[in-house]
>>> print(open('entry-v2.cif').read())   # mmCIF, C-alpha atoms and all ligand atoms
data_input
loop_
_atom_site.group_PDB
_atom_site.id
_atom_site.type_symbol
_atom_site.label_atom_id
_atom_site.label_comp_id
_atom_site.auth_asym_id
_atom_site.auth_seq_id
_atom_site.Cartn_x
_atom_site.Cartn_y
_atom_site.Cartn_z
ATOM 1 C CA MET I 1 26.930 7.149 23.691
ATOM 2 C CA THR I 2 29.837 6.783 21.306
ATOM 3 C CA LYS I 3 29.341 9.903 19.260
ATOM 4 C CA ASN I 4 27.246 13.038 19.122
ATOM 5 C CA THR I 5 24.035 11.960 17.449
ATOM 6 C CA ALA I 6 23.820 15.254 15.524
ATOM 7 C CA GLU I 7 26.567 13.763 13.341
ATOM 8 C CA ARG I 8 24.749 10.479 12.940
ATOM 9 C CA PRO I 9 21.011 10.966 12.628
ATOM 10 C CA LEU I 10 19.160 7.910 13.780
ATOM 11 C CA LYS I 11 16.198 6.572 11.885
ATOM 12 C CA ILE I 12 13.531 5.007 14.028
ATOM 13 C CA ALA I 13 10.113 3.534 13.384
ATOM 14 C CA VAL I 14 7.777 4.083 16.329
ATOM 15 C CA THR I 15 5.488 1.241 17.395
ATOM 16 C CA VAL I 16 3.016 1.174 20.294
ATOM 17 C CA ASP I 17 2.132 -2.044 22.110
ATOM 18 C CA ASP I 18 -0.669 -3.147 24.400
ATOM 19 C CA PHE I 19 -2.724 0.020 24.538
ATOM 20 C CA VAL I 20 -5.219 -2.296 26.205
ATOM 21 C CA LEU I 21 -2.788 -3.273 28.960
ATOM 22 C CA TRP I 22 -2.317 -6.736 30.385
ATOM 23 C CA ASP I 23 -5.085 -8.042 32.615
ATOM 24 C CA GLY I 24 -4.192 -7.385 36.247
ATOM 25 C CA MET I 25 -2.319 -4.111 35.693
ATOM 26 C CA PRO I 26 -3.695 -1.267 37.817
ATOM 27 C CA MET I 27 -4.894 1.906 36.109
ATOM 28 C CA SER I 28 -5.733 5.238 37.664
ATOM 29 C CA ALA I 29 -9.388 6.187 37.897
ATOM 30 C CA ASP I 30 -9.064 9.068 35.448
ATOM 31 C CA ALA I 31 -7.985 6.802 32.576
ATOM 32 C CA THR I 32 -9.369 4.037 30.389
ATOM 33 C CA PRO I 33 -7.561 2.140 27.632
ATOM 34 C CA THR I 34 -9.647 4.069 25.110
ATOM 35 C CA THR I 35 -8.839 7.544 26.444
ATOM 36 C CA ILE I 36 -5.150 6.650 26.655
ATOM 37 C CA THR I 37 -5.155 5.232 23.136
ATOM 38 C CA ARG I 38 -6.884 8.330 21.762
ATOM 39 C CA SER I 39 -4.319 10.569 23.410
ATOM 40 C CA VAL I 40 -1.277 8.563 22.264
ATOM 41 C CA ALA I 41 -2.736 8.324 18.730
ATOM 42 C CA GLN I 42 -3.242 12.096 18.643
ATOM 43 C CA THR I 43 0.295 12.793 19.870
ATOM 44 C CA LEU I 44 1.685 10.644 17.070
ATOM 45 C CA ASN I 45 -0.394 12.560 14.543
ATOM 46 C CA ASP I 46 0.793 15.860 16.029
ATOM 47 C CA TYR I 47 4.335 14.745 15.197
ATOM 48 C CA GLY I 48 3.477 13.600 11.683
ATOM 49 C CA LEU I 49 3.574 9.922 12.612
ATOM 50 C CA GLY I 50 0.316 8.839 10.996
ATOM 51 C CA GLY I 51 0.124 5.165 10.059
ATOM 52 C CA THR I 52 1.928 3.949 13.182
ATOM 53 C CA TYR I 53 1.539 0.229 13.848
ATOM 54 C CA GLY I 54 0.071 -0.788 17.205
ATOM 55 C CA PHE I 55 0.325 -4.314 18.598
ATOM 56 C CA SER I 56 -2.129 -5.040 21.356
ATOM 57 C CA HIS I 57 -3.121 -8.495 22.534
ATOM 58 C CA THR I 58 -6.859 -9.189 22.810
ATOM 59 C CA TYR I 59 -7.331 -11.254 25.981
ATOM 60 C CA ARG I 60 -9.224 -8.563 27.891
ATOM 61 C CA LEU I 61 -11.798 -8.268 25.103
ATOM 62 C CA ASP I 62 -13.236 -11.621 26.232
ATOM 63 C CA GLN I 63 -14.472 -10.151 29.517
ATOM 64 C CA GLU I 64 -14.424 -6.452 28.692
ATOM 65 C CA PRO I 65 -15.583 -6.111 25.067
ATOM 66 C CA GLU I 66 -15.908 -2.364 25.541
ATOM 67 C CA HIS I 67 -12.125 -2.121 25.142
ATOM 68 C CA LEU I 68 -12.537 -2.843 21.430
ATOM 69 C CA ALA I 69 -13.229 0.901 21.336
ATOM 70 C CA ALA I 70 -9.511 1.458 21.988
ATOM 71 C CA PHE I 71 -8.589 -0.511 18.850
ATOM 72 C CA ASP I 72 -11.233 1.378 16.879
ATOM 73 C CA ALA I 73 -9.948 4.724 18.180
ATOM 74 C CA TRP I 74 -6.429 3.790 17.107
ATOM 75 C CA VAL I 75 -7.504 2.954 13.566
ATOM 76 C CA GLU I 76 -9.902 5.905 13.306
ATOM 77 C CA ALA I 77 -6.938 8.183 14.117
ATOM 78 C CA GLY I 78 -5.169 6.833 11.019
ATOM 79 C CA HIS I 79 -2.956 4.168 12.597
ATOM 80 C CA HIS I 80 -2.649 0.450 11.907
ATOM 81 C CA VAL I 81 -3.141 -2.680 13.991
ATOM 82 C CA GLY I 82 -1.083 -5.886 13.919
ATOM 83 C CA ASN I 83 -1.527 -9.292 15.568
ATOM 84 C CA HIS I 84 0.110 -9.593 19.010
ATOM 85 C CA THR I 85 -1.638 -12.858 19.962
ATOM 86 C CA HIS I 86 -4.636 -13.174 22.272
ATOM 87 C CA GLU I 87 -3.091 -14.220 25.594
ATOM 88 C CA HIS I 88 0.271 -12.405 25.327
ATOM 89 C CA ALA I 89 2.115 -15.454 26.645
ATOM 90 C CA PRO I 90 5.761 -16.370 26.048
ATOM 91 C CA LEU I 91 5.889 -18.713 23.065
ATOM 92 C CA ARG I 92 7.491 -21.455 25.151
ATOM 93 C CA TRP I 93 4.367 -21.608 27.324
ATOM 94 C CA MET I 94 2.302 -22.815 24.392
ATOM 95 C CA SER I 95 2.294 -25.893 22.221
ATOM 96 C CA ASP I 96 2.265 -25.256 18.505
ATOM 97 C CA ALA I 97 -1.453 -26.065 18.345
ATOM 98 C CA ALA I 98 -2.194 -23.772 21.304
ATOM 99 C CA PHE I 99 -0.225 -20.979 19.693
ATOM 100 C CA ARG I 100 -2.199 -21.289 16.459
ATOM 101 C CA ARG I 101 -5.516 -21.259 18.324
ATOM 102 C CA ASP I 102 -4.386 -18.220 20.280
ATOM 103 C CA PHE I 103 -3.292 -16.396 17.129
ATOM 104 C CA GLU I 104 -6.648 -17.156 15.505
ATOM 105 C CA THR I 105 -8.553 -15.966 18.575
ATOM 106 C CA ALA I 106 -6.811 -12.589 18.249
ATOM 107 C CA GLU I 107 -7.838 -12.535 14.584
ATOM 108 C CA LYS I 108 -11.448 -13.238 15.548
ATOM 109 C CA HIS I 109 -11.400 -10.126 17.730
ATOM 110 C CA ILE I 110 -9.462 -7.703 15.540
ATOM 111 C CA GLY I 111 -8.876 -9.469 12.204
ATOM 112 C CA HIS I 112 -11.046 -6.909 10.412
ATOM 113 C CA LEU I 113 -8.729 -4.143 11.629
ATOM 114 C CA ILE I 114 -5.564 -6.107 10.792
ATOM 115 C CA GLU I 115 -6.889 -6.684 7.260
ATOM 116 C CA ALA I 116 -7.428 -2.943 6.866
ATOM 117 C CA ALA I 117 -3.690 -2.221 7.347
ATOM 118 C CA PRO I 118 -1.449 -1.937 4.274
ATOM 119 C CA ARG I 119 0.615 -4.893 5.513
ATOM 120 C CA LYS I 120 -0.165 -7.634 8.008
ATOM 121 C CA TYR I 121 2.381 -7.556 10.829
ATOM 122 C CA PHE I 122 2.809 -9.845 13.801
ATOM 123 C CA ARG I 123 4.775 -9.183 16.974
ATOM 124 C CA TYR I 124 5.740 -11.859 19.467
ATOM 125 C CA PRO I 125 4.564 -11.089 23.008
ATOM 126 C CA MET I 126 7.521 -9.430 24.760
ATOM 127 C CA ASP I 127 9.306 -9.942 21.392
ATOM 128 C CA MET I 128 10.101 -13.418 22.716
ATOM 129 C CA CYS I 129 10.468 -16.386 20.470
ATOM 130 C CA SER I 130 11.141 -19.885 21.702
ATOM 131 C CA GLY I 131 14.593 -21.170 22.515
ATOM 132 C CA SER I 132 14.121 -23.837 19.888
ATOM 133 C CA GLU I 133 14.970 -22.805 16.332
ATOM 134 C CA GLN I 134 12.708 -25.528 15.016
ATOM 135 C CA ARG I 135 9.788 -24.274 17.046
ATOM 136 C CA ARG I 136 10.333 -20.724 15.905
ATOM 137 C CA GLY I 137 10.702 -21.892 12.322
ATOM 138 C CA GLU I 138 7.297 -23.542 12.516
ATOM 139 C CA VAL I 139 5.753 -20.368 13.864
ATOM 140 C CA GLU I 140 7.456 -18.221 11.234
ATOM 141 C CA GLN I 141 6.210 -20.544 8.498
ATOM 142 C CA TYR I 142 2.703 -20.339 9.917
ATOM 143 C CA LEU I 143 2.911 -16.539 9.963
ATOM 144 C CA ALA I 144 4.187 -16.437 6.378
ATOM 145 C CA ASP I 145 1.465 -18.851 5.212
ATOM 146 C CA ASN I 146 -1.090 -16.464 6.704
ATOM 147 C CA GLY I 147 0.418 -13.420 5.019
ATOM 148 C CA TYR I 148 2.110 -11.975 8.108
ATOM 149 C CA THR I 149 5.562 -10.452 8.598
ATOM 150 C CA ASN I 150 7.208 -10.424 12.020
ATOM 151 C CA ALA I 151 7.848 -6.883 13.260
ATOM 152 C CA PRO I 152 10.533 -7.210 15.934
ATOM 153 C CA ILE I 153 11.639 -4.682 18.539
ATOM 154 C CA THR I 154 15.150 -3.314 18.094
ATOM 155 C CA SER I 155 14.964 -0.575 20.716
ATOM 156 C CA TRP I 156 13.061 -0.591 23.991
ATOM 157 C CA PHE I 157 13.561 1.091 27.345
ATOM 158 C CA SER I 158 12.013 -1.124 30.027
ATOM 159 C CA ASP I 159 8.969 1.135 30.087
ATOM 160 C CA PHE I 160 7.009 -1.719 31.677
ATOM 161 C CA ALA I 161 8.831 -0.807 34.912
ATOM 162 C CA PHE I 162 7.234 2.654 35.108
ATOM 163 C CA ILE I 163 3.568 1.656 34.906
ATOM 164 C CA VAL I 164 2.988 0.685 38.540
ATOM 165 C CA PRO I 165 5.171 3.487 40.022
ATOM 166 C CA TYR I 166 3.200 6.053 38.002
ATOM 167 C CA PHE I 167 -0.077 4.477 39.108
ATOM 168 C CA ARG I 168 1.113 4.825 42.723
ATOM 169 C CA ALA I 169 2.202 8.435 42.252
ATOM 170 C CA LEU I 170 -1.198 9.291 40.723
ATOM 171 C CA THR I 171 -3.115 7.399 43.421
ATOM 172 C CA LEU I 172 -1.122 9.125 46.153
ATOM 173 C CA ARG I 173 -1.792 12.479 44.425
ATOM 174 C CA ASP I 174 1.905 13.167 44.852
ATOM 175 C CA SER I 175 2.643 15.636 42.078
ATOM 176 C CA GLU I 176 6.350 15.754 42.877
ATOM 177 C CA ALA I 177 6.619 11.970 42.561
ATOM 178 C CA GLN I 178 4.552 12.045 39.364
ATOM 179 C CA LYS I 179 6.998 14.514 37.841
ATOM 180 C CA GLN I 180 9.942 12.446 39.010
ATOM 181 C CA VAL I 181 8.536 9.320 37.342
ATOM 182 C CA ARG I 182 7.720 11.221 34.141
ATOM 183 C CA ASP I 183 11.172 12.842 33.962
ATOM 184 C CA MET I 184 12.870 9.506 34.465
ATOM 185 C CA HIS I 185 10.641 7.921 31.806
ATOM 186 C CA VAL I 186 11.759 10.498 29.236
ATOM 187 C CA ALA I 187 15.441 10.365 30.226
ATOM 188 C CA THR I 188 15.440 6.561 30.126
ATOM 189 C CA ALA I 189 13.831 6.538 26.663
ATOM 190 C CA VAL I 190 16.617 8.759 25.326
ATOM 191 C CA GLU I 191 19.425 6.908 27.076
ATOM 192 C CA MET I 192 18.219 3.482 25.970
ATOM 193 C CA LEU I 193 17.725 4.591 22.372
ATOM 194 C CA HIS I 194 21.398 5.545 22.279
ATOM 195 C CA LYS I 195 22.431 2.257 23.831
ATOM 196 C CA HIS I 196 20.529 0.299 21.208
ATOM 197 C CA ALA I 197 21.819 2.521 18.404
ATOM 198 C CA ASP I 198 25.407 2.036 19.574
ATOM 199 C CA THR I 199 24.927 -1.733 19.663
ATOM 200 C CA ALA I 200 23.422 -1.752 16.163
ATOM 201 C CA ARG I 201 26.348 0.309 14.924
ATOM 202 C CA ALA I 202 28.816 -2.103 16.490
ATOM 203 C CA LEU I 203 26.998 -5.063 14.942
ATOM 204 C CA PHE I 204 26.396 -3.715 11.439
ATOM 205 C CA GLY I 205 29.218 -1.190 11.046
ATOM 206 C CA ALA I 206 26.773 1.630 10.394
ATOM 207 C CA ASP I 207 23.637 3.043 11.895
ATOM 208 C CA ALA I 208 20.575 0.904 11.345
ATOM 209 C CA PRO I 209 16.934 2.008 11.400
ATOM 210 C CA LEU I 210 15.562 0.772 14.707
ATOM 211 C CA ILE I 211 12.032 -0.281 15.556
ATOM 212 C CA TRP I 212 11.263 1.500 18.792
ATOM 213 C CA LEU I 213 8.672 0.353 21.291
ATOM 214 C CA VAL I 214 6.598 2.280 23.770
ATOM 215 C CA HIS I 215 3.574 0.768 25.505
ATOM 216 C CA GLY I 216 0.210 2.511 25.453
ATOM 217 C CA THR I 217 0.205 3.432 29.134
ATOM 218 C CA THR I 218 -0.966 6.260 31.348
ATOM 219 C CA ILE I 219 2.597 7.479 31.629
ATOM 220 C CA ALA I 220 3.119 7.358 27.848
ATOM 221 C CA ARG I 221 -0.029 9.458 27.506
ATOM 222 C CA ASP I 222 1.698 12.070 29.647
ATOM 223 C CA THR I 223 5.283 11.839 28.365
ATOM 224 C CA LEU I 224 5.158 10.867 24.690
ATOM 225 C CA PRO I 225 5.283 14.489 23.454
ATOM 226 C CA ALA I 226 8.394 15.107 25.576
ATOM 227 C CA ILE I 227 10.015 11.874 24.393
ATOM 228 C CA LEU I 228 9.396 12.625 20.709
ATOM 229 C CA GLU I 229 10.620 16.180 21.247
ATOM 230 C CA ALA I 230 13.799 14.896 22.898
ATOM 231 C CA PHE I 231 14.347 12.440 20.039
ATOM 232 C CA LEU I 232 13.995 15.252 17.477
ATOM 233 C CA GLU I 233 16.497 17.348 19.432
ATOM 234 C CA GLN I 234 18.913 14.428 19.169
ATOM 235 C CA GLY I 235 18.508 14.460 15.392
ATOM 236 C CA VAL I 236 16.220 11.444 15.150
ATOM 237 C CA GLU I 237 14.391 10.962 11.873
ATOM 238 C CA PHE I 238 11.115 9.068 12.138
ATOM 239 C CA VAL I 239 10.507 6.533 9.374
ATOM 240 C CA PRO I 240 7.618 4.158 8.596
ATOM 241 C CA LEU I 241 7.806 0.588 9.862
ATOM 242 C CA ASP I 242 7.908 -0.708 6.263
ATOM 243 C CA GLU I 243 11.096 1.279 5.642
ATOM 244 C CA ALA I 244 12.800 0.044 8.822
ATOM 245 C CA MET I 245 11.845 -3.514 7.882
ATOM 246 C CA ARG I 246 14.040 -3.346 4.781
ATOM 247 C CA HIS I 247 17.209 -3.442 6.936
ATOM 248 C CA PRO I 248 18.609 -6.839 8.016
ATOM 249 C CA VAL I 249 18.735 -5.722 11.660
ATOM 250 C CA ASN I 250 14.958 -6.024 11.541
ATOM 251 C CA TYR I 251 14.216 -8.714 8.968
ATOM 252 C CA ALA I 252 17.080 -11.116 9.679
ATOM 253 C CA MET I 253 16.673 -13.580 12.524
ATOM 254 C CA PRO I 254 19.139 -13.726 15.432
ATOM 255 C CA PRO I 255 19.425 -17.085 17.212
ATOM 256 C CA ALA I 256 16.506 -17.726 19.533
ATOM 257 C CA VAL I 257 17.146 -17.490 23.274
ATOM 258 C CA GLU I 258 14.880 -17.991 26.277
ATOM 259 C CA SER I 259 15.831 -14.844 28.183
ATOM 260 C CA PHE I 260 13.702 -11.694 28.292
ATOM 261 C CA SER I 261 15.483 -10.094 25.330
ATOM 262 C CA ASN I 262 14.494 -8.105 22.288
ATOM 263 C CA HIS I 263 15.571 -8.820 18.713
ATOM 264 C CA LEU I 264 18.615 -6.507 18.793
ATOM 265 C CA GLN I 265 19.681 -7.848 22.175
ATOM 266 C CA ARG I 266 19.617 -11.368 20.712
ATOM 267 C CA PHE I 267 21.927 -10.234 17.899
ATOM 268 C CA ALA I 268 24.253 -8.798 20.563
ATOM 269 C CA ILE I 269 24.198 -12.058 22.545
ATOM 270 C CA ALA I 270 25.037 -14.039 19.392
ATOM 271 C CA ALA I 271 27.936 -11.694 18.591
ATOM 272 C CA GLY I 272 29.317 -11.868 22.135
ATOM 273 C CA LEU I 273 28.528 -8.194 22.786
ATOM 274 C CA PRO I 274 26.905 -6.945 25.980
ATOM 275 C CA LYS I 275 23.115 -6.640 25.736
ATOM 276 C CA PRO I 276 22.062 -2.986 25.596
ATOM 277 C CA GLU I 277 19.981 -2.685 28.725
ATOM 278 C CA LEU I 278 19.064 -0.537 31.643
ATOM 279 C CA GLU I 279 21.547 -0.704 34.498
ATOM 280 C CA TYR I 280 20.258 -2.908 37.266
ATOM 281 C CA GLU I 281 20.502 -0.201 39.937
ATOM 282 C CA ARG I 282 18.601 2.268 37.806
ATOM 283 C CA LEU I 283 15.874 -0.289 37.174
ATOM 284 C CA GLY I 284 15.625 -0.868 40.928
ATOM 285 C CA GLU I 285 15.325 2.855 41.518
ATOM 286 C CA ILE I 286 12.475 3.130 38.986
ATOM 287 C CA LEU I 287 10.590 0.133 40.372
ATOM 288 C CA HIS I 288 10.529 1.653 43.856
ATOM 289 C CA LEU I 289 9.520 5.219 42.985
ATOM 290 C CA ALA I 290 6.440 6.522 44.828
ATOM 291 C CA PRO I 291 6.145 3.574 47.249
ATOM 292 C CA MET I 292 2.662 2.588 48.389
ATOM 293 C CA ALA I 293 1.671 -0.317 50.631
ATOM 294 C CA GLY I 294 0.275 -3.327 48.783
ATOM 295 C CA SER I 295 1.466 -2.185 45.350
ATOM 296 C CA ASP I 296 4.897 -3.617 44.658
ATOM 297 C CA THR I 297 5.797 -3.458 40.970
ATOM 298 C CA MET I 298 7.252 -6.922 40.615
ATOM 299 C CA GLU I 299 4.566 -8.531 42.771
ATOM 300 C CA VAL I 300 1.916 -7.024 40.504
ATOM 301 C CA TYR I 301 3.588 -8.551 37.454
ATOM 302 C CA GLU I 302 4.161 -11.893 39.090
ATOM 303 C CA ASN I 303 0.921 -12.346 41.038
ATOM 304 C CA GLU I 304 -1.593 -10.397 38.977
ATOM 305 C CA VAL I 305 -0.327 -10.862 35.424
ATOM 306 C CA PHE I 306 1.989 -13.833 34.821
ATOM 307 C CA LYS I 307 0.785 -16.405 37.354
ATOM 308 C CA PRO I 308 -2.904 -16.067 36.408
ATOM 309 C CA MET I 309 -1.864 -16.314 32.736
ATOM 310 C CA ALA I 310 0.115 -19.505 33.352
ATOM 311 C CA LYS I 311 -2.869 -20.916 35.254
ATOM 312 C CA ARG I 312 -5.240 -20.157 32.373
ATOM 313 C CA LEU I 313 -2.872 -21.846 29.942
ATOM 314 C CA GLY I 314 -2.369 -24.832 32.226
ATOM 315 C CA VAL I 315 1.423 -24.496 32.318
ATOM 316 C CA ALA I 316 3.911 -24.168 35.166
ATOM 317 C CA TYR I 317 4.797 -20.573 35.962
ATOM 318 C CA ASP I 318 8.226 -20.113 34.452
ATOM 319 C CA TRP I 319 9.464 -16.573 34.040
ATOM 320 C CA ASP I 320 12.882 -14.986 34.388
ATOM 321 C CA TRP I 321 13.382 -11.225 34.100
ATOM 322 C CA SER I 322 17.087 -11.469 33.210
HETATM 323 ZN ZN ZN B 1 3.080 -6.798 24.268
#
>>> encode(input="entry-v2.cif", output="structure tokens")
Amino acid sequence: MTKNTAERPLKIAVTVDDFVLWDGMPMSADATPTTITRSVAQTLNDYGLGGTYGFSHTYRLDQEPEHLAAFDAWVEAGHHVGNHTHEHAPLRWMSDAAFRRDFETAEKHIGHLIEAAPRKYFRYPMDMCSGSEQRRGEVEQYLADNGYTNAPITSWFSDFAFIVPYFRALTLRDSEAQKQVRDMHVATAVEMLHKHADTARALFGADAPLIWLVHGTTIARDTLPAILEAFLEQGVEFVPLDEAMRHPVNYAMPPAVESFSNHLQRFAIAAGLPKPELEYERLGEILHLAPMAGSDTMEVYENEVFKPMAKRLGVAYDWDWS
């Protein structure tokens, strides 16, 4: 952190992704996507964050249509839904035609909810665009032609890494481990917000309103109040997504890259600055919290989420976490 944040209040727009989590992710028996979504939606309202945009892909609705209730619960609580594609695949895994079909499939499932929002937003799965500028340009044109604006992510905290460890800690009924995972989730959210804010400041010469991401997970259900509280203590001011979108950090387009990077990280790469990201050792520590046989975090992602997705799409499995 370069400076006490009390002297430089940060503006952030909160967004929540994938409150119906990716197919293959384990979830503790006491939770469903709908109960988690209701809880996260209520927490946001408790903090005056009505009208928060949520971006959840729709793949699981094919086999489990009951999860549409999670989308309905989100909107009924006063929040908005954007298009996050159907399959949640990296753009490079899809031809242009396949991408358009996938986008339209998501609209078939939740288009009525997207239309009900004040503005139609789209978010790339994992905030990843293709390495080809031409390819991305085609997608952006398609989005614009359909009345959509891309809502990027300019602050994240690798919260994907906590989902399986928290599932293990809950399954093991290890309350000490559960608290350890929760505490680290909150601390990491705060630390990574500062890292992104410092990078934005270095890039733009002043603080920029950041679009912050948290996923709609069991652990977010249990830590979001503490995270928002910690942000307020740091002098954070919450702003609507529309307001954050008026700053070039969010509406301008950094050069496309293939790596697992968010929008702000891509600006940093283009400027020759280090990517704001979680230290590798810390990430390793998180991934291995609450160990349990047969439930390795990265194996779950690789074998249960990404490989089956690649198989469905008929493409070679090609994923790099760096
Ligand atoms: Zn997502």
>>> resolve_selection(input="entry-v2.cif", expression="the PyMOL selection byres (((chain I and resi 315) around 12) and not hetatm)", output="ChimeraX atom specification")
/I:89-95,98,306-314,316-319
>>> residues_near_ligand(input="entry-v2.cif", ligand="ligand ZN 1 (chain B)", cutoff="7 Å", atoms="all atoms listed in the file", output="JSON, numbers by chain")
{"I": [17, 18, 55, 56, 57, 84, 88, 125, 126]}
>>> closest_residue(input="entry-v2.cif", among="I:Gly216, I:Pro118, I:Gly294, I:Pro152", to="Met245 in chain I", atoms="only C-alpha atoms")
I:Pro152
>>> resolve_selection(input="entry-v2.cif", expression="the PyMOL selection byres (((chain I and resi 181) around 12) and not hetatm)", output="ChimeraX atom specification")
/I:159,161-170,174-180,182-188,218-220,222-223,285-291
>>> closest_residue(input="entry-v2.cif", among="I:Tyr142, I:Trp156, I:Tyr59, I:Trp212", to="Ile110 in chain I", atoms="all atoms listed in the file")
I:Tyr59
>>> resolve_selection(input="entry-v2.cif", expression="the PyMOL selection byres (((chain I and resi 105) around 10) and not hetatm)", output="MDAnalysis selection string")
chainID I and resid 58:59 62 85:87 99:104 106:111
>>> write_last_selection(input="entry-v2.cif", atoms="C-alpha atoms", output="compact mmCIF listing (two decimals), in the coordinates of the input")
# COMPACT_ATOMS: atom_id res chain seq x y z
CA THR I 58 -6.86 -9.19 22.81
CA TYR I 59 -7.33 -11.25 25.98
CA ASP I 62 -13.24 -11.62 26.23
CA THR I 85 -1.64 -12.86 19.96
CA HIS I 86 -4.64 -13.17 22.27
CA GLU I 87 -3.09 -14.22 25.59
CA PHE I 99 -0.22 -20.98 19.69
CA ARG I 100 -2.20 -21.29 16.46
CA ARG I 101 -5.52 -21.26 18.32
CA ASP I 102 -4.39 -18.22 20.28
CA PHE I 103 -3.29 -16.40 17.13
CA GLU I 104 -6.65 -17.16 15.50
CA ALA I 106 -6.81 -12.59 18.25
CA GLU I 107 -7.84 -12.54 14.58
CA LYS I 108 -11.45 -13.24 15.55
CA HIS I 109 -11.40 -10.13 17.73
CA ILE I 110 -9.46 -7.70 15.54
CA GLY I 111 -8.88 -9.47 12.20
>>> closest_residue(input="entry-v2.cif", among="I:Gly147, I:Gly54, I:Pro240, I:Pro255", to="Leu213 in chain I", atoms="all atoms listed in the file")
I:Gly54
>>> closest_residue(input="entry-v2.cif", among="I:Leu143, I:Val20, I:Ile211, I:Leu193", to="Tyr53 in chain I", atoms="only C-alpha atoms")
I:Ile211
>>> residues_around(input="entry-v2.cif", residues="Trp74 in chain I", least_positions_apart="3", cutoff="7 Å", atoms="all atoms listed in the file", output="list in words")
Thr37, Arg38, Ala41, Ala70, Phe71, Ala77, Gly78 and His79 of chain I
>>> closest_residue(input="entry-v2.cif", among="I:Phe231, I:Phe157, I:Phe267, I:Tyr280", to="Ala202 in chain I", atoms="all atoms listed in the file")
I:Phe267
>>> atom_distance(input="entry-v2.cif", atom1="CA of Val305 in chain I", atom2="CA of Asp23 in chain I")
6.2 Å
>>> atom_distance(input="entry-v2.cif", atom1="CA of Met128 in chain I", atom2="CA of Gly82 in chain I")
16.1 Å
>>> atom_distance(input="entry-v2.cif", atom1="CA of Glu133 in chain I", atom2="CA of Ile269 in chain I")
15.5 Å
>>> closest_residue(input="entry-v2.cif", among="I:Met253, I:Asp198, I:Tyr47, I:Arg60", to="Gly24 in chain I", atoms="all atoms listed in the file")
I:Arg60
>>> axis_aligned_box(input="entry-v2.cif", around="range 146-158 of chain I", padding_each_side="6 Å", output="lines of an AutoDock Vina configuration file")
center_x = 7.0
center_y = -7.7
center_z = 17.5
size_x = 28.2
size_y = 29.6
size_z = 37.0
>>> residues_around(input="entry-v2.cif", residues="Arg119 in chain I", least_positions_apart="2", cutoff="9 Å", atoms="all atoms listed in the file", output="tab-separated table (two decimals) with C-alpha atoms, keeping the file's coordinate frame")
chain	number	residue	atom	x	y	z
I	80	HIS	CA	-2.65	0.45	11.91
I	82	GLY	CA	-1.08	-5.89	13.92
I	114	ILE	CA	-5.56	-6.11	10.79
I	115	GLU	CA	-6.89	-6.68	7.26
I	116	ALA	CA	-7.43	-2.94	6.87
I	117	ALA	CA	-3.69	-2.22	7.35
I	121	TYR	CA	2.38	-7.56	10.83
I	147	GLY	CA	0.42	-13.42	5.02
I	148	TYR	CA	2.11	-11.98	8.11
I	149	THR	CA	5.56	-10.45	8.60
I	242	ASP	CA	7.91	-0.71	6.26
>>> residues_around(input="entry-v2.cif", residues="Thr217 in chain I", least_positions_apart="4", cutoff="7 Å", atoms="all atoms listed in the file", output="list in words")
Phe19, Ile36, Ile163 and Arg221 of chain I
>>> decode(input="entry-v2.cif", residues="range 300-313 of chain I", atoms="C-alpha atoms", output="PDB file, in the first residue's frame")
ATOM      1  CA  VAL I 300     -11.362 -30.022  -8.881  1.00  0.00           C
ATOM      2  CA  TYR I 301     -10.963 -27.089 -11.260  1.00  0.00           C
ATOM      3  CA  GLU I 302      -9.052 -29.068 -13.831  1.00  0.00           C
ATOM      4  CA  ASN I 303     -10.907 -32.392 -13.757  1.00  0.00           C
ATOM      5  CA  GLU I 304     -14.416 -31.388 -12.731  1.00  0.00           C
ATOM      6  CA  VAL I 305     -14.811 -27.949 -14.300  1.00  0.00           C
ATOM      7  CA  PHE I 306     -12.463 -27.119 -17.189  1.00  0.00           C
ATOM      8  CA  LYS I 307     -11.853 -30.504 -18.817  1.00  0.00           C
ATOM      9  CA  PRO I 308     -15.557 -31.436 -18.990  1.00  0.00           C
ATOM     10  CA  MET I 309     -16.247 -27.949 -20.403  1.00  0.00           C
ATOM     11  CA  ALA I 310     -13.600 -28.355 -23.106  1.00  0.00           C
ATOM     12  CA  LYS I 311     -15.059 -31.773 -23.938  1.00  0.00           C
ATOM     13  CA  ARG I 312     -18.568 -30.342 -24.300  1.00  0.00           C
ATOM     14  CA  LEU I 313     -17.253 -27.624 -26.592  1.00  0.00           C
TER      15      LEU I 313
END
